[in-house]
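Okay, run24.csv is below, CSV, C-alpha atoms:
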chain,number,residue,atom,x,y,z
A,1220,MET,CA,2.9,16.7,12.3
A,1221,SER,CA,2.4,13.7,10.0
A,1222,ALA,CA,0.7,10.6,11.5
A,1223,VAL,CA,3.4,8.6,9.6
A,1224,SER,CA,5.9,9.8,12.2
A,1225,GLU,CA,3.8,8.1,14.9
A,1226,LEU,CA,4.5,4.7,13.3
A,1227,SER,CA,7.9,4.6,15.1
A,1228,LEU,CA,10.1,1.6,14.4
A,1229,ARG,CA,11.9,2.3,17.7
A,1230,ARG,CA,9.1,0.6,19.8
A,1231,ASP,CA,9.8,-2.8,21.3
A,1232,PRO,CA,8.0,-5.7,19.5
A,1233,ILE,CA,5.4,-6.1,22.3
A,1234,ARG,CA,4.4,-2.4,22.3
A,1235,LEU,CA,4.3,-2.3,18.5
A,1236,VAL,CA,1.9,-5.2,18.2
A,1237,VAL,CA,-0.6,-3.5,20.5
A,1238,SER,CA,-0.1,0.0,19.0
A,1239,ARG,CA,-2.5,1.7,16.6
A,1240,GLY,CA,0.3,2.3,14.2
A,1241,LEU,CA,0.7,-1.4,13.3
A,1242,TRP,CA,-3.0,-2.0,12.7
A,1243,ARG,CA,-3.4,1.3,10.9
A,1244,SER,CA,-0.6,0.1,8.6
A,1245,VAL,CA,-2.3,-3.2,8.0
A,1246,TRP,CA,-5.6,-1.5,7.3
A,1247,TYR,CA,-3.9,0.9,4.8
A,1248,LEU,CA,-2.3,-1.9,2.9
A,1249,LEU,CA,-5.4,-4.1,2.9
A,1250,GLY,CA,-7.3,-1.1,1.6
A,1251,TYR,CA,-5.0,-0.8,-1.3
A,1252,LEU,CA,-5.4,-4.5,-2.1
A,1253,ALA,CA,-9.2,-3.9,-2.1
A,1254,VAL,CA,-9.5,-0.7,-4.1
A,1255,GLY,CA,-6.1,-0.3,-5.8
A,1256,TRP,CA,-6.9,-2.6,-8.7
A,1257,LEU,CA,-10.3,-0.9,-9.2
A,1258,LEU,CA,-8.8,2.6,-9.3
A,1259,PHE,CA,-6.1,1.3,-11.7
A,1260,ALA,CA,-8.7,-0.2,-14.0
A,1261,ILE,CA,-10.8,2.9,-14.0
A,1262,SER,CA,-7.9,5.2,-14.6
A,1263,LEU,CA,-6.3,3.1,-17.3
A,1264,THR,CA,-9.7,2.7,-19.1
A,1265,ALA,CA,-10.4,6.4,-19.0
A,1266,ALA,CA,-6.9,7.3,-20.3
A,1267,VAL,CA,-6.9,4.8,-23.1
A,1268,ALA,CA,-10.5,5.6,-24.1
A,1269,GLY,CA,-9.7,9.3,-24.1
A,1270,ALA,CA,-6.5,8.9,-26.1
A,1271,ALA,CA,-8.2,6.5,-28.6
A,1272,LEU,CA,-11.1,8.9,-29.3
A,1273,SER,CA,-9.1,12.1,-29.2
A,1274,ILE,CA,-8.3,11.7,-32.9
A,1275,THR,CA,-11.8,13.0,-33.6
A,1276,LEU,CA,-13.4,16.2,-32.4
A,1277,ALA,CA,-16.2,14.2,-30.9
A,1278,GLY,CA,-13.6,12.5,-28.7
A,1279,LEU,CA,-12.2,15.6,-27.1
A,1280,PRO,CA,-14.9,15.8,-24.4
A,1281,VAL,CA,-14.1,12.2,-23.6
A,1282,LEU,CA,-10.5,13.2,-23.0
A,1283,VAL,CA,-11.6,16.0,-20.7
A,1284,ALA,CA,-13.9,13.5,-18.8
A,1285,ALA,CA,-11.0,11.1,-18.6
A,1286,ALA,CA,-8.9,13.7,-16.8
A,1287,ALA,CA,-11.8,14.3,-14.4
A,1288,THR,CA,-12.1,10.6,-13.8
A,1289,ILE,CA,-8.4,10.2,-13.0
A,1290,ARG,CA,-8.6,13.1,-10.6
A,1291,TRP,CA,-11.6,11.4,-8.8
A,1292,CYS,CA,-9.6,8.2,-8.5
A,1293,ALA,CA,-6.7,10.2,-7.0
A,1294,ASP,CA,-9.1,11.9,-4.6
A,1295,VAL,CA,-10.1,8.4,-3.3
A,1296,GLU,CA,-6.4,7.6,-2.6
A,1297,ARG,CA,-6.0,11.0,-0.9
A,1298,ALA,CA,-9.0,10.1,1.3
A,1299,ARG,CA,-7.3,6.8,2.2
A,1300,LEU,CA,-4.1,8.6,3.2
A,1301,ARG,CA,-6.0,10.1,6.2
A,1302,THR,CA,-5.4,6.8,8.0
A,1303,MET,CA,-1.7,7.4,7.7
A,1304,VAL,CA,-1.3,11.2,7.7
A,1305,THR,CA,-3.1,13.5,10.1
A,1306,GLU,CA,-3.3,16.6,7.9
A,1307,PRO,CA,-5.4,16.2,4.7
A,1308,VAL,CA,-3.5,15.8,1.4
A,1309,ALA,CA,-5.0,17.8,-1.4
A,1310,GLY,CA,-3.9,18.0,-5.0
A,1311,ARG,CA,-3.0,21.4,-6.5
A,1312,TYR,CA,-4.5,21.6,-9.9
A,1313,ARG,CA,-4.3,24.4,-12.4
A,1314,GLN,CA,-7.4,26.5,-12.8
A,1315,VAL,CA,-9.0,26.4,-16.2
A,1316,VAL,CA,-8.5,29.7,-18.0
A,1317,GLY,CA,-11.1,30.4,-20.7
A,1318,SER,CA,-14.2,28.6,-21.7
A,1319,GLY,CA,-15.0,25.7,-23.9
A,1320,VAL,CA,-13.7,22.1,-24.3
A,1321,MET,CA,-10.4,23.1,-25.7
A,1322,ALA,CA,-9.6,25.4,-22.8
A,1323,GLN,CA,-10.4,22.5,-20.3
A,1324,LEU,CA,-8.4,20.1,-22.5
A,1325,ARG,CA,-5.3,22.2,-22.6
A,1326,THR,CA,-5.4,23.0,-18.9
A,1327,ARG,CA,-6.1,19.5,-17.6
A,1328,TRP,CA,-3.7,17.6,-19.7
A,1329,ARG,CA,-0.9,20.1,-19.5
A,1330,ASP,CA,-1.2,20.1,-15.7
A,1331,PRO,CA,1.7,18.2,-14.1
A,1332,ALA,CA,-0.6,17.2,-11.3
A,1333,THR,CA,-2.7,15.2,-13.7
A,1334,TRP,CA,0.3,13.3,-14.9
A,1335,ARG,CA,1.4,12.7,-11.3
A,1336,ASP,CA,-2.0,11.1,-10.7
A,1337,VAL,CA,-1.5,8.9,-13.7
A,1338,ALA,CA,2.0,7.9,-12.5
A,1339,TYR,CA,0.7,6.8,-9.1
A,1340,LEU,CA,-2.6,5.2,-10.2
A,1341,VAL,CA,-1.3,3.4,-13.3
A,1342,GLY,CA,2.5,3.5,-13.5
A,1343,LEU,CA,3.2,2.4,-9.9
A,1344,PHE,CA,0.2,0.0,-9.5
A,1345,VAL,CA,2.1,-3.2,-10.1
A,1346,PRO,CA,5.1,-2.6,-7.8
A,1347,LEU,CA,2.9,-1.1,-5.0
A,1348,LEU,CA,0.4,-4.0,-5.3
A,1349,ALA,CA,3.3,-6.6,-5.2
A,1350,LEU,CA,4.8,-4.9,-2.2
A,1351,ALA,CA,1.6,-4.8,-0.2
A,1352,THR,CA,0.7,-8.4,-1.2
A,1353,ILE,CA,4.1,-9.9,-0.2
A,1354,ALA,CA,4.2,-7.9,3.1
A,1355,LEU,CA,0.6,-8.9,4.1
A,1356,GLY,CA,1.0,-12.4,2.8
A,1357,VAL,CA,4.0,-13.2,5.0
A,1358,TRP,CA,2.5,-11.3,7.9
A,1359,TRP,CA,-0.7,-13.3,7.7
A,1360,ALA,CA,1.3,-16.6,7.4
A,1361,PHE,CA,3.1,-15.9,10.7
A,1362,LEU,CA,-0.1,-14.9,12.4
A,1363,ALA,CA,-1.8,-18.1,11.2
A,1364,GLY,CA,1.2,-20.1,12.4
A,1365,ILE,CA,0.7,-18.8,15.9
A,1366,THR,CA,-2.7,-20.5,16.0
A,1367,LEU,CA,-1.4,-23.8,14.7
A,1368,PRO,CA,-1.9,-25.7,18.0
A,1369,ILE,CA,-5.6,-25.1,17.7
A,1370,TRP,CA,-6.1,-26.6,14.3
A,1371,TYR,CA,-3.0,-28.6,13.3
A,1372,TRP,CA,-5.0,-31.9,13.6
A,1373,ALA,CA,-7.8,-30.8,11.2
A,1374,PRO,CA,-6.0,-31.1,7.8
A,1375,TRP,CA,-5.6,-34.6,6.4
A,1376,LYS,CA,-4.6,-36.4,3.3
A,1377,SER,CA,-4.8,-40.0,2.1
A,1378,ILE,CA,-1.5,-41.7,1.1
A,1379,HIS,CA,-1.5,-45.3,-0.2
A,1380,GLY,CA,-4.9,-45.8,1.4
A,1381,VAL,CA,-3.7,-44.5,4.8
A,1382,ARG,CA,-5.2,-41.3,6.2
A,1383,TYR,CA,-2.8,-39.0,7.9
A,1384,HIS,CA,-3.8,-36.0,10.0
A,1385,GLY,CA,-1.6,-33.0,10.4
A,1386,TYR,CA,-0.3,-29.9,8.7
A,1387,ASP,CA,2.5,-30.4,6.1
A,1388,LEU,CA,5.2,-27.8,6.2
A,1389,GLY,CA,7.2,-29.3,3.4
A,1390,TYR,CA,6.7,-32.3,1.0
A,1391,HIS,CA,6.0,-35.8,2.2
A,1392,PRO,CA,4.7,-37.9,-0.6
A,1393,ASN,CA,4.9,-41.1,1.4
A,1394,GLY,CA,3.5,-39.9,4.7
A,1395,PRO,CA,5.1,-38.0,7.6
A,1396,HIS,CA,7.7,-40.8,8.2
A,1397,GLY,CA,8.1,-42.2,4.7
A,1398,PRO,CA,11.1,-41.8,2.5
A,1399,GLY,CA,11.6,-39.0,0.0
A,1400,GLY,CA,10.1,-36.3,2.1
A,1401,TRP,CA,11.5,-33.0,3.4
A,1402,GLY,CA,10.4,-30.3,5.9
A,1403,LEU,CA,8.2,-30.7,9.0
A,1404,TYR,CA,5.0,-32.6,9.2
A,1405,VAL,CA,3.1,-31.2,12.2
A,1406,ASP,CA,1.0,-34.1,13.5
A,1407,THR,CA,1.5,-33.7,17.3
A,1408,LEU,CA,0.8,-31.0,19.8
A,1409,PRO,CA,4.5,-30.5,20.8
A,1410,LYS,CA,5.4,-29.9,17.2
A,1411,ALA,CA,2.6,-27.5,16.8
A,1412,LEU,CA,3.6,-25.6,19.9
A,1413,ALA,CA,7.2,-25.4,18.6
A,1414,VAL,CA,6.1,-24.0,15.3
A,1415,ALA,CA,3.8,-21.6,17.0
A,1416,GLY,CA,6.6,-20.3,19.1
A,1417,VAL,CA,8.8,-19.7,16.1
A,1418,CYS,CA,6.0,-18.0,14.2
A,1419,LEU,CA,5.3,-15.8,17.2
A,1420,ILE,CA,8.9,-14.5,17.2
A,1421,LEU,CA,8.9,-14.0,13.5
A,1422,PHE,CA,5.5,-12.3,13.6
A,1423,LEU,CA,6.7,-9.8,16.2
A,1424,LEU,CA,9.8,-9.0,14.1
A,1425,PHE,CA,7.9,-8.9,10.8
A,1426,ASN,CA,5.6,-6.2,12.2
A,1427,TYR,CA,8.4,-3.7,11.7
A,1428,VAL,CA,8.4,-4.7,8.0
A,1429,VAL,CA,4.7,-4.1,7.7
A,1430,VAL,CA,4.9,-0.7,9.3
A,1431,ALA,CA,7.9,0.2,7.1
A,1432,THR,CA,6.1,-0.9,4.0
A,1433,ALA,CA,3.0,1.1,4.8
A,1434,ARG,CA,5.1,4.2,5.6
A,1435,ALA,CA,6.9,3.8,2.2
A,1436,HIS,CA,3.7,3.4,0.4
A,1437,ALA,CA,2.1,6.4,2.1
A,1438,ALA,CA,5.2,8.5,1.3
A,1439,VAL,CA,5.0,7.7,-2.4
A,1440,ALA,CA,1.3,8.5,-2.4
A,1441,ARG,CA,1.8,11.7,-0.6
A,1442,GLY,CA,4.7,12.8,-2.8
A,1443,LEU,CA,2.8,12.2,-6.0
A,1444,LEU,CA,-0.8,13.1,-5.0
A,1445,GLY,CA,0.0,16.0,-2.8
A,1446,PRO,CA,1.0,19.5,-3.9
A,1447,VAL,CA,4.6,19.9,-5.1
A,1448,GLU,CA,6.6,22.0,-2.7
A,1449,ASP,CA,9.0,24.6,-4.2
A,1450,PRO,CA,12.5,23.6,-3.1
A,1451,LEU,CA,13.5,27.3,-3.0
A,1452,ARG,CA,10.4,28.4,-1.1
A,1453,THR,CA,12.4,29.0,2.2
A,1454,ALA,CA,15.0,31.0,0.4
A,1455,LYS,CA,12.4,33.1,-1.5
A,1456,GLU,CA,10.6,33.9,1.8
A,1457,VAL,CA,13.9,35.1,3.3
A,1458,LEU,CA,14.6,37.3,0.3
A,1459,ASP,CA,11.1,38.7,0.4
A,1460,ARG,CA,11.5,39.9,4.0
A,1461,PRO,CA,12.7,43.4,4.7
A,1462,GLY,CA,16.4,43.5,5.2
A,1463,PRO,CA,19.7,44.6,3.6
A,1464,LEU,CA,20.0,41.5,1.5
A,1465,SER,CA,16.6,41.8,-0.1
A,1466,ALA,CA,17.1,45.6,-0.6
A,1467,SER,CA,20.4,45.1,-2.3
A,1468,LEU,CA,19.0,42.4,-4.6
A,1469,ARG,CA,16.1,44.6,-5.6
A,1470,ALA,CA,18.5,47.5,-6.3
Re-express the file's structure as structure tokens.
Amino acid sequence: MSAVSELSLRRDPIRLVVSRGLWRSVWYLLGYLAVGWLLFAISLTAAVAGAALSITLAGLPVLVAAAATIRWCADVERARLRTMVTEPVAGRYRQVVGSGVMAQLRTRWRDPATWRDVAYLVGLFVPLLALATIALGVWWAFLAGITLPIWYWAPWKSIHGVRYHGYDLGYHPNGPHGPGGWGLYVDTLPKALAVAGVCLILFLLFNYVVVATARAHAAVARGLLGPVEDPLRTAKEVLDRPGPLSASLRA
């Protein structure tokens, strides 16, 4: 059974915040922010360099090496998937038939698995990065807001020669009580406690979004980087079993 199924959205907010599923999701998304851009850069550089040099015979080995590099990058993402999926995810690549550079070139770049790796590592990099960044950014903002009563007094700014302490949740060009401002200027402990209470509620609710985001990301990665399942596999297995249906079809 997939570990993704363990990240159930049916848990109550308190149980979810102390579950391994939430923190596994956060770690998975953080990992993508850390290494996703690097794998994207390596894959894109390898593909572009291979394509640019493939116009000459000397560039054909580079194109073969580019396919191997992209496969390595995909393997890194498959390894990261182990935090979300219990069973290992392995790519199913075609075996090279024949010898020589041309045989490897034809096999690797005609393999749909290679192009699925490219689709995930390069084609989906921007939307997946944006999704992880937004989810974690909002989640972190709510988490930081919970701690506001501890440090609300530390930020300060000078306005018209007067120094004001507090955290500005809005825009107050003339100080916390001056005209032309909007939002909340947190400069007292009661205000900080009120904001922290709101952030706590929003944090508990937004945890569901973080888990759902990680599940969606892992599903995309598993679908593209894992082996492609034959949609008719079950029907073929039934037909291959001994029985009157299979016998009549063979006849």
So which one's closest to Lys1410 (chain A), A:Gly1240, A:Gly1317, A:Gly1385, A:Pro1232? Using all atoms listed in the file, please.
-> A:Gly1385
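Taking CA of Gly1402 (chain A) and CA of Asn1426 (chain A) as endpoints, the distance between them is 25.4 Å.
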Using only C-alpha atoms, which residues of region 1233-1285 of chain A come within 9 Å of region 1346-1363 of chain A, and what is the closest atom pair for each, with the distance in Å to one decimal? Give it as CSV, sorted by chain and residue number.
residue,atom,partner,partner_atom,distance
A:Val1245,CA,A:Leu1355,CA,7.5
A:Leu1248,CA,A:Ala1351,CA,5.8
A:Leu1249,CA,A:Ala1351,CA,7.7
A:Tyr1251,CA,A:Leu1348,CA,7.4
A:Leu1252,CA,A:Leu1348,CA,6.6
A:Gly1255,CA,A:Leu1348,CA,7.5
A:Trp1256,CA,A:Leu1348,CA,8.2
Could you jot down the CA of Ile1369 (chain A) to CA of Asp1231 (chain A) separation for me, Å, one decimal place?
->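 Value for the CA of Ile1369 (chain A)-CA of Asp1231 (chain A) distance: 27.3 Å.
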What does the distance between CA of Val1267 (chain A) and CA of Tyr1247 (chain A) come to in Å, to one decimal place?
-> 28.3 Å
If you count only C-alpha atoms, which residues fall within 12 Å of Val1439 (chain A), apart from same-chain ones fewer than 5 positions away, as a ChimeraX atom specification?
-> /A:1296-1297,1300,1335-1336,1338-1340,1343-1344,1346-1347,1432-1434,1444-1445
Nearest to Arg1441 (chain A), chosen from A:Ile1233, A:Val1283, A:Ala1309, A:Ile1365, with only C-alpha atoms counted in the distances |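 Of A:Ile1233, A:Val1283, A:Ala1309, A:Ile1365, the one nearest Arg1441 (chain A), counting only C-alpha atoms, is A:Ala1309.
The closest residue to Asp1387 (chain A), picked from A:Leu1263, A:Val1405, A:Leu1257, A:Ala1332 and counting only C-alpha atoms, is A:Val1405.
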Nearest candidate to Ala1260 (chain A) (options A:Arg1313, A:Gly1319, A:Ala1298, A:Val1345; using only C-alpha atoms) |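 For Ala1260 (chain A), the nearest of the candidates is A:Val1345.
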Neighbour list for region 1268-1276 of chain A as a list in words, cut-off 12 Å, only C-alpha atoms, skip fewer than 3 positions in-chain | Ala1260, Ile1261, Ser1262, Leu1263, Thr1264, Ala1265, Leu1279, Pro1280, Val1281, Leu1282, Val1283, Ala1284, Ala1285, Ala1286, Ala1287, Thr1288, Ile1289, Val1320, Met1321, Leu1324 and Trp1328 of chain A
Include C-alpha atoms and write out the residues we just selected as a short mmCIF file (atom, residue, chain, number, x, y, z; two decimals), in the coordinates of the input.
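Writing done, so here's part05.cif:
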data_model
loop_
_atom_site.label_atom_id
_atom_site.label_comp_id
_atom_site.auth_asym_id
_atom_site.auth_seq_id
_atom_site.Cartn_x
_atom_site.Cartn_y
_atom_site.Cartn_z
CA ALA A 1260 -8.70 -0.20 -14.00
CA ILE A 1261 -10.80 2.90 -14.00
CA SER A 1262 -7.90 5.20 -14.60
CA LEU A 1263 -6.30 3.10 -17.30
CA THR A 1264 -9.70 2.70 -19.10
CA ALA A 1265 -10.40 6.40 -19.00
CA LEU A 1279 -12.20 15.60 -27.10
CA PRO A 1280 -14.90 15.80 -24.40
CA VAL A 1281 -14.10 12.20 -23.60
CA LEU A 1282 -10.50 13.20 -23.00
CA VAL A 1283 -11.60 16.00 -20.70
CA ALA A 1284 -13.90 13.50 -18.80
CA ALA A 1285 -11.00 11.10 -18.60
CA ALA A 1286 -8.90 13.70 -16.80
CA ALA A 1287 -11.80 14.30 -14.40
CA THR A 1288 -12.10 10.60 -13.80
CA ILE A 1289 -8.40 10.20 -13.00
CA VAL A 1320 -13.70 22.10 -24.30
CA MET A 1321 -10.40 23.10 -25.70
CA LEU A 1324 -8.40 20.10 -22.50
CA TRP A 1328 -3.70 17.60 -19.70
#
Of the listed residues A:Pro1331, A:Gly1397, A:Pro1307, A:Gly1364, that which approaches Leu1412 (chain A) most closely, counting all atoms listed in the file |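 Among A:Pro1331, A:Gly1397, A:Pro1307, A:Gly1364, it is A:Gly1364 that comes nearest to Leu1412 (chain A).
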